[in-house]
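The block underneath contains the structure these notes are about, expressed in structure tokens.
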Amino acid sequence: MNLNNVSLVMTAGLVSQLPGKVNPRYPQIALCGRSNVGKSSLINKLLNRKSLARVSSEPGKTITINYYEVDKALYLVDLPGYGYAKRSFSERNKWKALIDKYFSLDSNILYLQLVDLKAGITKNDEEMISFLAESGLPFAVVCTKTDKLNKTNRNANLEAIKANPLIPEDVEIIPFSSQTGEGRDDVWKIINEYCDAVKEYFREQDAAGTTEE
Ligand SMILES: Nc1nc2c(ncn2[C@@H]2O[C@H](COP(=O)(O)OP(=O)(O)OP(=O)(O)O)[C@@H](O)[C@H]2O)c(=O)[nH]1
Ligand SMILES: [Mg+2]
């Protein structure tokens with residue numbers, strides 16, 4: 001993957017802007033999680049950039065869905081965070097409308113559910129995880145900000161997350177830090193595996209299309 005070939009190709013702040021002009025063959029890797037959990041920082045770390053994705057000092061500021069195209073192969077999709085207490089009623093509605101629309105798109109999407117390792121799984125996280133699991137969507141759990149914890153707390157909190165009954169057995173749980181780079185390779189491995197699977201799916205579809213003609 002050529003990480004020099006990356007750009008922000010779409011910012012959607014309105015439902016009417018989705019799905020927009022995205023290539024339907026490119027897999028999408030969607031970052032979900034509460035405000036401030038580290039979604040934008042993870043994107044920057046994956047792409048070896050300092051500030052491509054805007055890292056907010058004030059969480060939950062902008063309610064937009066940002067698509068980063070990577071090497072004409074995939075999109076990293078920065079979803080707006082949830083659980084921001086100071087958000088107004090109309091902003092919450094805007095968030096919900098955008099997210100509902102995104103989840104209804106007929107795209108190939110792998111969800112990366114981010115959870116703050118220090119805070120653990122919140123009520124809002126549980127809602128999101130239940131939704132992903134019950135909908136049968138492919139996802140992995142990424143536990144962020146591991147650098148903030150000592151070894152004992154880190155292990156205890158990781159075990160607690162692994163023991164959460166809402167997370168299906170086969171869902172991978174990855175410790176991650178955008179400060180130290182821990183987990184970066186593991187996240188890329190999951191992304192690459194998913195992209196290979198999508199490529200294979202289209203290859204089979206194309207082959208089937210040819211024989212029918
Ligand atoms: N120590 C530490 N801080 C982090 C890490 N990841 C993110 N942060 C900090 O956490 C804050 C929020 O990070 P963002 O990446 O903006 O979080 P976000 O999930 O994109 O937040 P919203 O865009 O508001 O939804 C920033 O101050 C980051 O510097 C990490 O791995 N370690
Ligand atoms: Mg962000």
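Residues are referred to by chain and number: the chain letter is A, B, ... according to the order shown in the structure tokens, the number counts from 1 in that chain, and ligands are numbered separately from 1 in the order shown.
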(request) Could you give me, as JSON, numbers by chain, each residue of segment 9-194 of chain A that DSSP assigns to alpha helix (DSSP H) when run on this structure's backbone? (result) {"A": [39, 40, 41, 42, 43, 44, 45, 46, 89, 90, 91, 92, 93, 94, 95, 96, 97, 98, 99, 100, 101, 102, 103, 104, 123, 124, 125, 126, 127, 128, 129, 130, 131, 132, 133, 134, 151, 152, 153, 154, 155, 156, 157, 158, 159, 160, 161, 162, 184, 185, 186, 187, 188, 189, 190, 191, 192, 193, 194]}
Counting only C-alpha atoms and all ligand atoms, give me one row per residue of chain A with an atom at most 7 Å from an atom of ligand 2, showing the shortest contact pair and its distance in Å to one decimal, sorted by chain then residue number, as a Markdown table.
| residue | atom | partner | partner_atom_place_in_ligand_line | distance |
| --- | --- | --- | --- | --- |
| A:Asn36 | CA | ligand 2 | 1 (Mg) | 6.9 |
| A:Gly38 | CA | ligand 2 | 1 (Mg) | 6.8 |
| A:Lys39 | CA | ligand 2 | 1 (Mg) | 5.4 |
| A:Ser40 | CA | ligand 2 | 1 (Mg) | 4.2 |
| A:Arg54 | CA | ligand 2 | 1 (Mg) | 6.1 |
| A:Val55 | CA | ligand 2 | 1 (Mg) | 5.4 |
| A:Ser56 | CA | ligand 2 | 1 (Mg) | 6.1 |
| A:Asp78 | CA | ligand 2 | 1 (Mg) | 6.8 |
| A:Pro80 | CA | ligand 2 | 1 (Mg) | 6.7 |
(request) Can you work out which one of A:Leu132, A:Ile65, A:Ala73, A:Ala156 has the shortest atom-to-atom distance to ligand 1, counting only C-alpha atoms and all ligand atoms? (result) A:Ile65
(message) Within 9 Å of ligand 1 (counting only C-alpha atoms and all ligand atoms), which residues show up? I'd like them as a PyMOL selection string.
(response) chain A and resi 31-44+53-63+78-82+84+114+116+144-148+176-182
Any chance you could export the current selection's N, CA and C atoms as a CSV table (one decimal), in the first residue's frame?
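Just written: result_26.csv:
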chain,number,residue,atom,x,y,z
A,31,LEU,N,-14.5,4.1,11.2
A,31,LEU,CA,-14.1,4.2,12.6
A,31,LEU,C,-15.2,4.7,13.4
A,32,CYS,N,-15.7,3.9,14.3
A,32,CYS,CA,-16.8,4.4,15.2
A,32,CYS,C,-16.4,4.3,16.6
A,33,GLY,N,-17.0,5.2,17.4
A,33,GLY,CA,-16.6,5.3,18.8
A,33,GLY,C,-17.0,6.7,19.3
A,34,ARG,N,-16.9,6.8,20.6
A,34,ARG,CA,-17.4,8.1,21.2
A,34,ARG,C,-16.4,9.2,20.9
A,35,SER,N,-16.9,10.4,21.1
A,35,SER,CA,-16.0,11.6,20.8
A,35,SER,C,-14.8,11.5,21.7
A,36,ASN,N,-13.7,11.8,21.2
A,36,ASN,CA,-12.4,11.9,21.9
A,36,ASN,C,-11.8,10.5,22.1
A,37,VAL,N,-12.3,9.5,21.6
A,37,VAL,CA,-11.7,8.1,21.8
A,37,VAL,C,-10.4,7.9,21.0
A,38,GLY,N,-10.3,8.7,20.0
A,38,GLY,CA,-9.0,8.6,19.2
A,38,GLY,C,-9.2,8.2,17.8
A,39,LYS,N,-10.4,8.4,17.2
A,39,LYS,CA,-10.6,7.9,15.8
A,39,LYS,C,-9.7,8.6,14.8
A,40,SER,N,-9.7,10.0,14.9
A,40,SER,CA,-8.9,10.7,13.9
A,40,SER,C,-7.4,10.5,14.1
A,41,SER,N,-7.0,10.3,15.4
A,41,SER,CA,-5.6,10.1,15.7
A,41,SER,C,-5.2,8.7,15.1
A,42,LEU,N,-6.1,7.7,15.2
A,42,LEU,CA,-5.8,6.4,14.6
A,42,LEU,C,-5.6,6.5,13.1
A,43,ILE,N,-6.4,7.3,12.5
A,43,ILE,CA,-6.3,7.4,11.0
A,43,ILE,C,-4.9,8.0,10.7
A,44,ASN,N,-4.5,9.1,11.4
A,44,ASN,CA,-3.2,9.7,11.2
A,44,ASN,C,-2.1,8.7,11.4
A,53,ALA,N,-6.0,13.8,9.3
A,53,ALA,CA,-7.4,13.8,9.9
A,53,ALA,C,-7.3,14.8,11.1
A,54,ARG,N,-8.3,15.7,11.2
A,54,ARG,CA,-8.3,16.7,12.2
A,54,ARG,C,-8.5,16.1,13.6
A,55,VAL,N,-7.5,16.3,14.5
A,55,VAL,CA,-7.6,15.9,15.9
A,55,VAL,C,-8.2,17.0,16.7
A,56,SER,N,-9.3,16.8,17.4
A,56,SER,CA,-10.0,17.9,18.0
A,56,SER,C,-9.5,18.1,19.4
A,57,SER,N,-9.3,19.3,19.8
A,57,SER,CA,-9.0,19.7,21.2
A,57,SER,C,-10.4,19.7,21.9
A,58,GLU,N,-11.4,20.2,21.1
A,58,GLU,CA,-12.8,20.1,21.6
A,58,GLU,C,-13.5,18.9,21.0
A,59,PRO,N,-13.9,17.9,21.7
A,59,PRO,CA,-14.4,16.8,21.1
A,59,PRO,C,-15.8,17.0,20.5
A,60,GLY,N,-16.1,16.2,19.5
A,60,GLY,CA,-17.5,16.3,18.9
A,60,GLY,C,-17.8,17.5,18.2
A,61,LYS,N,-16.8,18.3,17.8
A,61,LYS,CA,-17.1,19.6,17.3
A,61,LYS,C,-17.8,19.6,15.9
A,62,THR,N,-17.3,18.8,15.0
A,62,THR,CA,-17.9,18.8,13.7
A,62,THR,C,-18.6,17.5,13.4
A,63,ILE,N,-19.8,17.6,13.0
A,63,ILE,CA,-20.6,16.4,12.7
A,63,ILE,C,-20.5,16.1,11.2
A,78,ASP,N,-13.9,8.4,8.7
A,78,ASP,CA,-13.9,8.9,10.0
A,78,ASP,C,-15.4,9.3,10.3
A,79,LEU,N,-16.0,8.5,11.2
A,79,LEU,CA,-17.4,8.8,11.5
A,79,LEU,C,-17.5,9.8,12.7
A,80,PRO,N,-18.5,10.6,12.8
A,80,PRO,CA,-18.6,11.6,13.9
A,80,PRO,C,-18.8,10.8,15.2
A,81,GLY,N,-18.2,11.2,16.3
A,81,GLY,CA,-18.3,10.5,17.5
A,81,GLY,C,-19.6,10.7,18.2
A,82,TYR,N,-19.9,9.8,19.1
A,82,TYR,CA,-21.2,9.9,19.9
A,82,TYR,C,-20.8,10.2,21.4
A,84,TYR,N,-21.2,12.8,23.2
A,84,TYR,CA,-20.7,14.2,23.6
A,84,TYR,C,-21.8,14.9,24.3
A,114,LEU,N,-13.9,1.7,18.3
A,114,LEU,CA,-12.9,2.1,19.2
A,114,LEU,C,-13.5,2.3,20.6
A,116,ASP,N,-12.1,3.4,24.6
A,116,ASP,CA,-11.0,3.9,25.4
A,116,ASP,C,-10.6,2.9,26.5
A,144,THR,N,-8.1,1.9,22.6
A,144,THR,CA,-7.2,3.0,22.4
A,144,THR,C,-6.5,3.5,23.6
A,145,LYS,N,-5.5,4.3,23.4
A,145,LYS,CA,-4.7,5.0,24.4
A,145,LYS,C,-4.1,4.1,25.5
A,146,THR,N,-3.6,3.0,25.0
A,146,THR,CA,-2.9,2.0,25.9
A,146,THR,C,-1.7,2.7,26.6
A,147,ASP,N,-1.1,3.7,26.0
A,147,ASP,CA,0.0,4.4,26.6
A,147,ASP,C,-0.3,5.0,28.0
A,148,LYS,N,-1.6,5.3,28.2
A,148,LYS,CA,-2.0,6.0,29.4
A,148,LYS,C,-2.1,5.1,30.6
A,176,PHE,N,-4.2,-0.6,21.2
A,176,PHE,CA,-3.7,0.4,20.3
A,176,PHE,C,-3.3,1.7,20.9
A,177,SER,N,-2.2,2.3,20.4
A,177,SER,CA,-1.9,3.6,20.9
A,177,SER,C,-1.4,4.4,19.7
A,178,SER,N,-2.0,5.6,19.5
A,178,SER,CA,-1.5,6.4,18.4
A,178,SER,C,-0.3,7.2,18.8
A,179,GLN,N,0.0,7.1,20.1
A,179,GLN,CA,1.3,7.8,20.6
A,179,GLN,C,2.5,6.9,20.4
A,180,THR,N,2.4,5.6,20.7
A,180,THR,CA,3.5,4.7,20.6
A,180,THR,C,3.5,3.9,19.3
A,181,GLY,N,2.3,3.8,18.7
A,181,GLY,CA,2.2,3.0,17.5
A,181,GLY,C,1.9,1.6,17.8
A,182,GLU,N,1.7,1.2,19.1
A,182,GLU,CA,1.3,-0.1,19.4
A,182,GLU,C,0.0,-0.5,18.7
(message) as an NGL selection string, please: every residue in segment 139-195 of chain A that DSSP puts in strand (DSSP E).
(response) :A and (139-144 or 173-175)
Restricted to N, CA and C atoms, what would the selected residues look like written as a PDB file, in the first residue's frame?
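To be explicit, this is the file written out as again-v2.pdb:
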ATOM      1  N   PHE A 139     -16.730  -6.572  12.205  1.00  0.00           N
ATOM      2  CA  PHE A 139     -16.092  -5.522  12.992  1.00  0.00           C
ATOM      3  C   PHE A 139     -15.005  -6.063  13.899  1.00  0.00           C
ATOM      4  N   ALA A 140     -14.148  -5.153  14.347  1.00  0.00           N
ATOM      5  CA  ALA A 140     -13.125  -5.474  15.332  1.00  0.00           C
ATOM      6  C   ALA A 140     -13.178  -4.390  16.398  1.00  0.00           C
ATOM      7  N   VAL A 141     -12.733  -4.718  17.599  1.00  0.00           N
ATOM      8  CA  VAL A 141     -12.703  -3.733  18.683  1.00  0.00           C
ATOM      9  C   VAL A 141     -11.262  -3.268  18.873  1.00  0.00           C
ATOM     10  N   VAL A 142     -11.052  -1.962  18.820  1.00  0.00           N
ATOM     11  CA  VAL A 142      -9.713  -1.405  19.012  1.00  0.00           C
ATOM     12  C   VAL A 142      -9.713  -0.632  20.332  1.00  0.00           C
ATOM     13  N   CYS A 143      -8.856  -1.067  21.253  1.00  0.00           N
ATOM     14  CA  CYS A 143      -8.791  -0.419  22.576  1.00  0.00           C
ATOM     15  C   CYS A 143      -7.705   0.651  22.536  1.00  0.00           C
ATOM     16  N   THR A 144      -8.123   1.915  22.628  1.00  0.00           N
ATOM     17  CA  THR A 144      -7.195   3.027  22.377  1.00  0.00           C
ATOM     18  C   THR A 144      -6.503   3.546  23.638  1.00  0.00           C
ATOM     19  N   ILE A 173      -9.893  -8.254  19.249  1.00  0.00           N
ATOM     20  CA  ILE A 173      -9.759  -7.122  20.171  1.00  0.00           C
ATOM     21  C   ILE A 173      -8.293  -6.706  20.170  1.00  0.00           C
ATOM     22  N   ILE A 174      -8.041  -5.457  19.747  1.00  0.00           N
ATOM     23  CA  ILE A 174      -6.667  -5.018  19.519  1.00  0.00           C
ATOM     24  C   ILE A 174      -6.275  -3.839  20.406  1.00  0.00           C
ATOM     25  N   PRO A 175      -5.259  -4.002  21.250  1.00  0.00           N
ATOM     26  CA  PRO A 175      -4.748  -2.850  21.998  1.00  0.00           C
ATOM     27  C   PRO A 175      -4.006  -1.904  21.056  1.00  0.00           C
TER      28      PRO A 175
END
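Excluding Asn108 of chain A itself and same-chain residues fewer than 5 positions from it, the residues having an atom within 9 Å of it are Pro24, Arg25, Tyr26, Pro27, Gln28, Ile29 and Val198 of chain A, counting only C-alpha atoms.
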(message) Would you pick out the contacts of Asn124 of chain A at 9 Å or less, using only C-alpha atoms, so that residues sharing its chain but fewer than 2 positions from it are not included, and give the list as number ranges by chain?
(response) A: 33-34, 82-83, 121-122, 126-129
(message) Need the shell around segment 6-21 of chain A: protein/DNA/RNA residues with any atom at most 8 Å away, counting only C-alpha atoms. Skip same-chain ones fewer than 3 positions apart. Format as number ranges by chain?
(response) A: 3, 63-71, 97-98, 101-102, 105
Restricting the output to C-alpha atoms, write the selected residues as a tab-separated table (two decimals), in the first residue's frame.
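What follows is the written file again-v2.tsv:
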chain	number	residue	atom	x	y	z
A	3	LEU	CA	0.69	5.63	1.90
A	63	ILE	CA	-20.57	16.38	12.70
A	64	THR	CA	-19.32	15.16	9.35
A	65	ILE	CA	-18.32	11.88	7.77
A	66	ASN	CA	-14.85	12.16	6.27
A	67	TYR	CA	-13.62	9.81	3.56
A	68	TYR	CA	-9.88	9.35	3.11
A	69	GLU	CA	-8.98	7.50	-0.06
A	70	VAL	CA	-5.88	5.36	0.31
A	71	ASP	CA	-3.82	4.33	-2.73
A	97	ALA	CA	-29.58	10.98	10.69
A	98	LEU	CA	-26.07	10.85	9.22
A	101	LYS	CA	-27.85	6.81	6.51
A	102	TYR	CA	-24.25	5.57	6.57
A	105	LEU	CA	-25.51	2.13	2.57
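Candidate residues A:Leu52, A:Ala85, A:Val77, A:Leu112 were compared for distance to Tyr194 of chain A, and the nearest is A:Leu112, using only C-alpha atoms.
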